[in-house]
$ cat final31.cif   # mmCIF, C-alpha atoms
data_target
#
loop_
_atom_site.group_PDB
_atom_site.id
_atom_site.type_symbol
_atom_site.label_atom_id
_atom_site.label_comp_id
_atom_site.auth_asym_id
_atom_site.auth_seq_id
_atom_site.Cartn_x
_atom_site.Cartn_y
_atom_site.Cartn_z
ATOM 1 C CA MET A 1 -119.407 -116.399 -107.544
ATOM 2 C CA GLY A 2 -121.441 -115.551 -104.455
ATOM 3 C CA GLY A 3 -121.325 -112.725 -101.937
ATOM 4 C CA GLY A 4 -118.428 -111.283 -100.013
ATOM 5 C CA VAL A 5 -119.740 -112.052 -96.487
ATOM 6 C CA GLU A 6 -119.601 -115.807 -97.112
ATOM 7 C CA ASN A 7 -116.104 -115.479 -98.571
ATOM 8 C CA GLN A 8 -114.868 -113.580 -95.510
ATOM 9 C CA LEU A 9 -116.346 -116.120 -93.086
ATOM 10 C CA LEU A 10 -114.908 -119.088 -94.963
ATOM 11 C CA GLN A 11 -111.539 -117.556 -95.942
ATOM 12 C CA GLY A 12 -109.870 -118.701 -92.718
ATOM 13 C CA ARG A 13 -110.937 -122.308 -93.423
ATOM 14 C CA LEU A 14 -109.184 -122.598 -96.782
ATOM 15 C CA LEU A 15 -106.246 -124.927 -97.325
ATOM 16 C CA SER A 16 -103.093 -123.817 -99.113
ATOM 17 C CA HIS A 17 -103.671 -123.400 -102.872
ATOM 18 C CA GLU A 18 -107.425 -123.556 -102.333
ATOM 19 C CA ARG A 19 -109.707 -120.879 -103.732
ATOM 20 C CA ILE A 20 -113.441 -120.231 -103.512
ATOM 21 C CA LEU A 21 -115.222 -120.760 -106.829
ATOM 22 C CA TRP A 22 -118.752 -120.069 -105.529
ATOM 23 C CA SER A 23 -120.280 -119.014 -102.232
ATOM 24 C CA GLY A 24 -123.846 -118.464 -101.121
ATOM 25 C CA ILE A 25 -126.490 -118.749 -98.445
ATOM 26 C CA PRO A 26 -129.729 -120.716 -98.134
ATOM 27 C CA ALA A 27 -133.077 -119.216 -99.082
ATOM 28 C CA GLN A 28 -134.127 -116.762 -96.395
ATOM 29 C CA GLY A 29 -137.586 -116.420 -94.847
ATOM 30 C CA LEU A 30 -140.417 -118.874 -95.349
ATOM 31 C CA LEU A 31 -139.316 -122.067 -97.112
ATOM 32 C CA PHE A 32 -141.576 -124.979 -97.998
ATOM 33 C CA SER A 33 -140.314 -128.452 -98.847
ATOM 34 C CA GLY A 34 -141.921 -131.565 -100.300
ATOM 35 C CA ARG A 35 -142.387 -132.903 -96.760
ATOM 36 C CA ASP A 36 -144.857 -130.117 -96.043
ATOM 37 C CA ILE A 37 -147.494 -131.944 -98.092
ATOM 38 C CA PHE A 38 -147.721 -134.259 -95.077
ATOM 39 C CA LEU A 39 -146.590 -131.947 -92.270
ATOM 40 C CA ILE A 40 -148.967 -129.010 -92.818
ATOM 41 C CA PRO A 41 -152.208 -131.075 -92.690
ATOM 42 C CA PHE A 42 -150.820 -133.064 -89.728
ATOM 43 C CA SER A 43 -149.946 -129.905 -87.807
ATOM 44 C CA LEU A 44 -153.353 -128.350 -88.536
ATOM 45 C CA LEU A 45 -155.130 -131.500 -87.332
ATOM 46 C CA TRP A 46 -152.965 -131.634 -84.201
ATOM 47 C CA GLY A 47 -153.523 -127.971 -83.400
ATOM 48 C CA GLY A 48 -157.248 -128.142 -84.151
ATOM 49 C CA PHE A 49 -157.756 -131.182 -81.950
ATOM 50 C CA ALA A 50 -155.729 -129.637 -79.116
ATOM 51 C CA ILE A 51 -157.830 -126.453 -79.240
ATOM 52 C CA PHE A 52 -161.036 -128.514 -79.329
ATOM 53 C CA TRP A 53 -159.865 -130.667 -76.369
ATOM 54 C CA THR A 54 -158.964 -127.631 -74.275
ATOM 55 C CA TYR A 55 -162.186 -125.829 -75.117
ATOM 56 C CA MET A 56 -164.349 -128.851 -74.248
ATOM 57 C CA ALA A 57 -162.430 -129.502 -71.009
ATOM 58 C CA THR A 58 -162.908 -125.885 -69.938
ATOM 59 C CA LYS A 59 -166.571 -125.774 -71.009
ATOM 60 C CA GLN A 60 -167.437 -128.925 -69.062
ATOM 61 C CA GLY A 61 -165.702 -127.757 -65.902
ATOM 62 C CA ALA A 62 -162.983 -130.403 -65.943
ATOM 63 C CA PRO A 63 -160.253 -130.181 -63.287
ATOM 64 C CA LEU A 64 -157.439 -127.689 -63.871
ATOM 65 C CA PHE A 65 -155.108 -130.551 -64.863
ATOM 66 C CA PHE A 66 -157.125 -131.116 -68.072
ATOM 67 C CA ASP A 67 -156.919 -127.424 -68.962
ATOM 68 C CA ALA A 68 -153.157 -127.422 -68.376
ATOM 69 C CA TRP A 69 -152.754 -130.657 -70.349
ATOM 70 C CA GLY A 70 -154.727 -129.214 -73.261
ATOM 71 C CA ALA A 71 -152.836 -125.898 -73.127
ATOM 72 C CA MET A 72 -149.539 -127.766 -73.446
ATOM 73 C CA PHE A 73 -150.780 -129.510 -76.599
ATOM 74 C CA VAL A 74 -152.147 -126.217 -77.977
ATOM 75 C CA CYS A 75 -148.644 -124.725 -77.585
ATOM 76 C CA ILE A 76 -147.101 -127.726 -79.350
ATOM 77 C CA GLY A 77 -149.713 -127.411 -82.109
ATOM 78 C CA LEU A 78 -148.983 -123.707 -82.574
ATOM 79 C CA PHE A 79 -145.276 -124.516 -82.839
ATOM 80 C CA PHE A 80 -146.031 -127.195 -85.465
ATOM 81 C CA VAL A 81 -148.222 -124.782 -87.458
ATOM 82 C CA PHE A 82 -146.147 -121.574 -87.208
ATOM 83 C CA GLY A 83 -143.097 -121.859 -84.976
ATOM 84 C CA ARG A 84 -141.242 -124.481 -86.975
ATOM 85 C CA PHE A 85 -141.102 -122.166 -90.006
ATOM 86 C CA ILE A 86 -139.785 -119.293 -87.885
ATOM 87 C CA PHE A 87 -137.195 -121.521 -86.168
ATOM 88 C CA ASP A 88 -136.005 -123.007 -89.470
ATOM 89 C CA ALA A 89 -135.715 -119.533 -91.053
ATOM 90 C CA TRP A 90 -133.695 -118.392 -88.024
ATOM 91 C CA LEU A 91 -131.345 -121.369 -88.387
ATOM 92 C CA ARG A 92 -130.887 -120.757 -92.136
ATOM 93 C CA GLN A 93 -129.804 -117.158 -91.469
ATOM 94 C CA ARG A 94 -126.709 -118.626 -89.820
ATOM 95 C CA ILE A 95 -125.556 -120.952 -92.623
ATOM 96 C CA HIS A 96 -122.963 -120.177 -95.318
ATOM 97 C CA TYR A 97 -121.890 -122.333 -98.267
ATOM 98 C CA ALA A 98 -118.917 -122.482 -100.589
ATOM 99 C CA VAL A 99 -117.521 -124.595 -103.402
ATOM 100 C CA THR A 100 -113.758 -124.439 -103.702
ATOM 101 C CA ASN A 101 -111.437 -126.031 -106.216
ATOM 102 C CA GLN A 102 -110.997 -128.891 -103.682
ATOM 103 C CA ARG A 103 -113.984 -129.091 -101.319
ATOM 104 C CA ILE A 104 -117.598 -128.368 -100.433
ATOM 105 C CA LEU A 105 -117.785 -126.137 -97.325
ATOM 106 C CA ILE A 106 -120.781 -125.611 -95.042
ATOM 107 C CA MET A 107 -120.458 -123.319 -92.030
ATOM 108 C CA ARG A 108 -123.203 -123.139 -89.408
ATOM 109 C CA GLN A 109 -123.043 -120.460 -86.759
ATOM 110 C CA ALA A 110 -124.655 -120.572 -83.282
ATOM 111 C CA PRO A 111 -126.698 -122.163 -81.792
ATOM 112 C CA SER A 112 -125.580 -125.392 -83.471
ATOM 113 C CA ALA A 113 -122.206 -124.148 -84.718
ATOM 114 C CA ASN A 114 -120.266 -126.589 -86.847
ATOM 115 C CA PHE A 115 -118.163 -126.723 -89.984
ATOM 116 C CA THR A 116 -118.523 -129.389 -92.666
ATOM 117 C CA SER A 117 -115.871 -130.011 -95.289
ATOM 118 C CA ILE A 118 -116.254 -132.633 -98.002
ATOM 119 C CA ASP A 119 -113.479 -133.388 -100.481
ATOM 120 C CA LEU A 120 -114.921 -133.158 -103.973
ATOM 121 C CA ASP A 121 -113.516 -136.534 -104.980
ATOM 122 C CA ARG A 122 -115.210 -138.164 -101.957
ATOM 123 C CA ILE A 123 -118.755 -136.901 -102.490
ATOM 124 C CA PRO A 124 -120.853 -140.076 -102.561
ATOM 125 C CA ASP A 125 -123.829 -138.706 -104.484
ATOM 126 C CA VAL A 126 -125.019 -135.265 -105.589
ATOM 127 C CA GLN A 127 -128.758 -134.723 -105.943
ATOM 128 C CA LEU A 128 -130.290 -131.613 -107.476
ATOM 129 C CA THR A 129 -133.825 -130.548 -106.603
ATOM 130 C CA GLY A 130 -135.329 -127.623 -108.466
ATOM 131 C CA GLU A 131 -133.237 -127.866 -111.617
ATOM 132 C CA THR A 132 -135.458 -125.541 -113.668
ATOM 133 C CA ALA A 133 -136.247 -123.160 -110.790
ATOM 134 C CA THR A 134 -134.351 -120.046 -109.738
ATOM 135 C CA ARG A 135 -133.885 -121.685 -106.311
ATOM 136 C CA GLY A 136 -133.121 -125.297 -105.529
ATOM 137 C CA THR A 137 -131.262 -127.665 -103.234
ATOM 138 C CA LEU A 138 -128.097 -129.722 -103.710
ATOM 139 C CA ARG A 139 -127.745 -132.754 -101.409
ATOM 140 C CA PHE A 140 -124.358 -134.394 -100.968
ATOM 141 C CA GLY A 141 -125.415 -137.929 -100.019
ATOM 142 C CA ALA A 142 -128.605 -139.954 -99.866
ATOM 143 C CA ALA A 143 -131.503 -138.964 -97.619
ATOM 144 C CA ALA A 144 -131.910 -141.015 -94.433
ATOM 145 C CA SER A 145 -135.650 -141.421 -94.927
ATOM 146 C CA GLY A 146 -138.375 -139.801 -96.977
ATOM 147 C CA TYR A 147 -140.916 -140.176 -94.171
ATOM 148 C CA PRO A 148 -140.653 -137.177 -91.820
ATOM 149 C CA LEU A 149 -141.486 -138.994 -88.578
ATOM 150 C CA SER A 150 -139.217 -142.008 -88.944
ATOM 151 C CA GLY A 151 -135.838 -142.836 -87.459
ATOM 152 C CA TYR A 152 -133.107 -140.246 -87.154
ATOM 153 C CA SER A 153 -134.982 -137.741 -89.308
ATOM 154 C CA ARG A 154 -137.720 -137.358 -86.689
ATOM 155 C CA MET A 155 -136.901 -133.672 -86.070
ATOM 156 C CA THR A 156 -135.032 -132.942 -89.283
ATOM 157 C CA GLY A 157 -138.221 -133.551 -91.238
ATOM 158 C CA TRP A 158 -139.712 -130.566 -89.459
ATOM 159 C CA PHE A 159 -136.578 -128.401 -89.861
ATOM 160 C CA PRO A 160 -134.735 -128.729 -93.192
ATOM 161 C CA ALA A 161 -131.800 -126.720 -91.781
ATOM 162 C CA LEU A 162 -131.132 -129.546 -89.272
ATOM 163 C CA ASP A 163 -130.996 -132.351 -91.839
ATOM 164 C CA PRO A 164 -127.831 -134.408 -91.151
ATOM 165 C CA VAL A 165 -127.133 -134.891 -94.870
ATOM 166 C CA PRO A 166 -124.833 -132.063 -96.044
ATOM 167 C CA GLN A 167 -126.713 -129.833 -98.460
ATOM 168 C CA PHE A 168 -127.058 -126.401 -99.992
ATOM 169 C CA ILE A 169 -130.692 -125.538 -99.156
ATOM 170 C CA GLY A 170 -132.642 -123.248 -101.462
ATOM 171 C CA ILE A 171 -129.659 -121.693 -103.216
ATOM 172 C CA GLN A 172 -129.973 -119.375 -106.202
ATOM 173 C CA ASP A 173 -129.283 -120.813 -109.638
ATOM 174 C CA PRO A 174 -128.930 -124.420 -108.418
ATOM 175 C CA ARG A 175 -128.230 -125.877 -111.879
ATOM 176 C CA ARG A 176 -125.177 -123.638 -112.333
ATOM 177 C CA VAL A 177 -123.803 -124.629 -108.894
ATOM 178 C CA PHE A 178 -124.509 -128.320 -109.616
ATOM 179 C CA ASP A 179 -122.624 -128.065 -112.913
ATOM 180 C CA LEU A 180 -119.736 -126.277 -111.152
ATOM 181 C CA VAL A 181 -119.502 -129.033 -108.514
ATOM 182 C CA MET A 182 -119.588 -131.796 -111.127
ATOM 183 C CA LYS A 183 -117.015 -130.103 -113.391
ATOM 184 C CA THR A 184 -114.670 -129.291 -110.495
ATOM 185 C CA ARG A 185 -114.998 -132.848 -109.169
ATOM 186 C CA HIS A 186 -114.217 -134.233 -112.611
ATOM 187 C CA ASP A 187 -111.200 -131.914 -112.992
ATOM 188 C CA SER A 188 -109.863 -132.833 -109.520
ATOM 189 C CA ARG A 189 -109.892 -136.543 -110.404
ATOM 190 C CA ARG A 190 -107.625 -135.984 -113.421
#

$ encode --input "final31.cif" --output "structure tokens"
Amino acid sequence: MGGGVENQLLQGRLLSHERILWSGIPAQGLLFSGRDIFLIPFSLLWGGFAIFWTYMATKQGAPLFFDAWGAMFVCIGLFFVFGRFIFDAWLRQRIHYAVTNQRILIMRQAPSANFTSIDLDRIPDVQLTGETATRGTLRFGAAASGYPLSGYSRMTGWFPALDPVPQFIGIQDPRRVFDLVMKTRHDSRR
């Protein structure tokens, strides 16, 4: 079973005869994902080119517009390199998870406050990443796309906390939670 803060936040969302079997929070601080194999080099190239562009425009005495244009892309590059990790960590500080005897619960607090509830017998697919690690992720449904710049996942590739697929991101002891979800789902179908 997880911590008391998550239980208190989610207690008011429980149905009658429902009890929390596990609660937790996502990994805090810096969190890398498999998508970063592509995103980190891309962001470094973007930022490097933007700095080079701005430097060359300034050095050659280009009009102020070119300096401003380059500065905008330098700011975007810095956000890609550093800011996205800070923003994602900030978002993850406001997420709480629970597994009950009936549902999966995910509560997000401001700025994008919402509450997700999935009946255990209606979970389409459960994927476990990091089975042998002390931290891992459980996804409740298939990913929209593996390519971080395609379709709906355009921004969610940069920020795992904004992924539209319900998931427990970077939780402790993911195998134990996976087993709990599968056992509880099996028991609820009987």

$ residues_near_point --input "final31.cif" --point "(-115.4, -127.4, -102.3)" --cutoff "8 Å" --atoms "only C-alpha atoms" --output "count of residues only"
14

$ residues_around --input "final31.cif" --residues "A:Asp173" --least-positions-apart "4" --cutoff "8 Å" --atoms "all atoms listed in the file" --output "PDB file with C-alpha atoms, in the coordinates of the input"
ATOM      1  CA  ALA A 133    -136.247-123.160-110.790  1.00  0.00           C
ATOM      2  CA  THR A 134    -134.351-120.046-109.738  1.00  0.00           C
ATOM      3  CA  ARG A 135    -133.885-121.685-106.311  1.00  0.00           C
ATOM      4  CA  GLY A 136    -133.121-125.297-105.529  1.00  0.00           C
ATOM      5  CA  VAL A 177    -123.803-124.629-108.894  1.00  0.00           C
TER       6      VAL A 177
END

$ residues_around --input "final31.cif" --residues "A:Phe87" --least-positions-apart "5" --cutoff "10 Å" --atoms "all atoms listed in the file" --output "list in words"
Phe79, Phe82, Arg92, Trp158, Phe159 and Ala161 of chain A

$ closest_residue --input "final31.cif" --among "A:Pro160, A:Ala113, A:Ile95, A:Ala68" --to "A:Arg35" --atoms "all atoms listed in the file"
A:Pro160

$ resolve_selection --input "final31.cif" --expression "the PyMOL selection byres ((chain A and resi 32) around 12)" --output "ChimeraX atom specification"
/A:27-31,33-40,84-86,88-89,135-137,157-161,169-170

$ closest_residue --input "final31.cif" --among "A:Leu78, A:Leu45, A:Arg189, A:Ser23" --to "A:Gln11" --atoms "only C-alpha atoms"
A:Ser23

$ atom_distance --input "final31.cif" --atom1 "atom CA of A:Thr132" --atom2 "atom CA of A:Arg175"
7.5 Å

$ atom_distance --input "final31.cif" --atom1 "atom CA of A:Phe80" --atom2 "atom CA of A:Pro63"
26.5 Å

$ closest_residue --input "final31.cif" --among "A:Leu44, A:Leu180, A:Ile51, A:Ile106" --to "A:Val81" --atoms "only C-alpha atoms"
A:Leu44

$ atom_distance --input "final31.cif" --atom1 "atom CA of A:Asp163" --atom2 "atom CA of A:Ser43"
19.5 Å

$ closest_residue --input "final31.cif" --among "A:Thr54, A:Thr116, A:Val74, A:Arg176" --to "A:Arg13" --atoms "all atoms listed in the file"
A:Thr116

$ closest_residue --input "final31.cif" --among "A:Trp53, A:Phe178, A:Ser112, A:Lys183" --to "A:Glu131" --atoms "only C-alpha atoms"
A:Phe178

$ residues_around --input "final31.cif" --residues "A:Gln167" --least-positions-apart "5" --cutoff "6 Å" --atoms "only C-alpha atoms" --output "list in words"
Leu138, Arg139 and Phe140 of chain A

$ axis_aligned_box --input "final31.cif" --around "stretch 35-46 of chain A" --padding-each-side "5 Å" --output "lines of an AutoDock Vina configuration file"
center_x = -148.8
center_y = -131.3
center_z = -91.1
size_x = 22.7
size_y = 15.9
size_z = 23.9
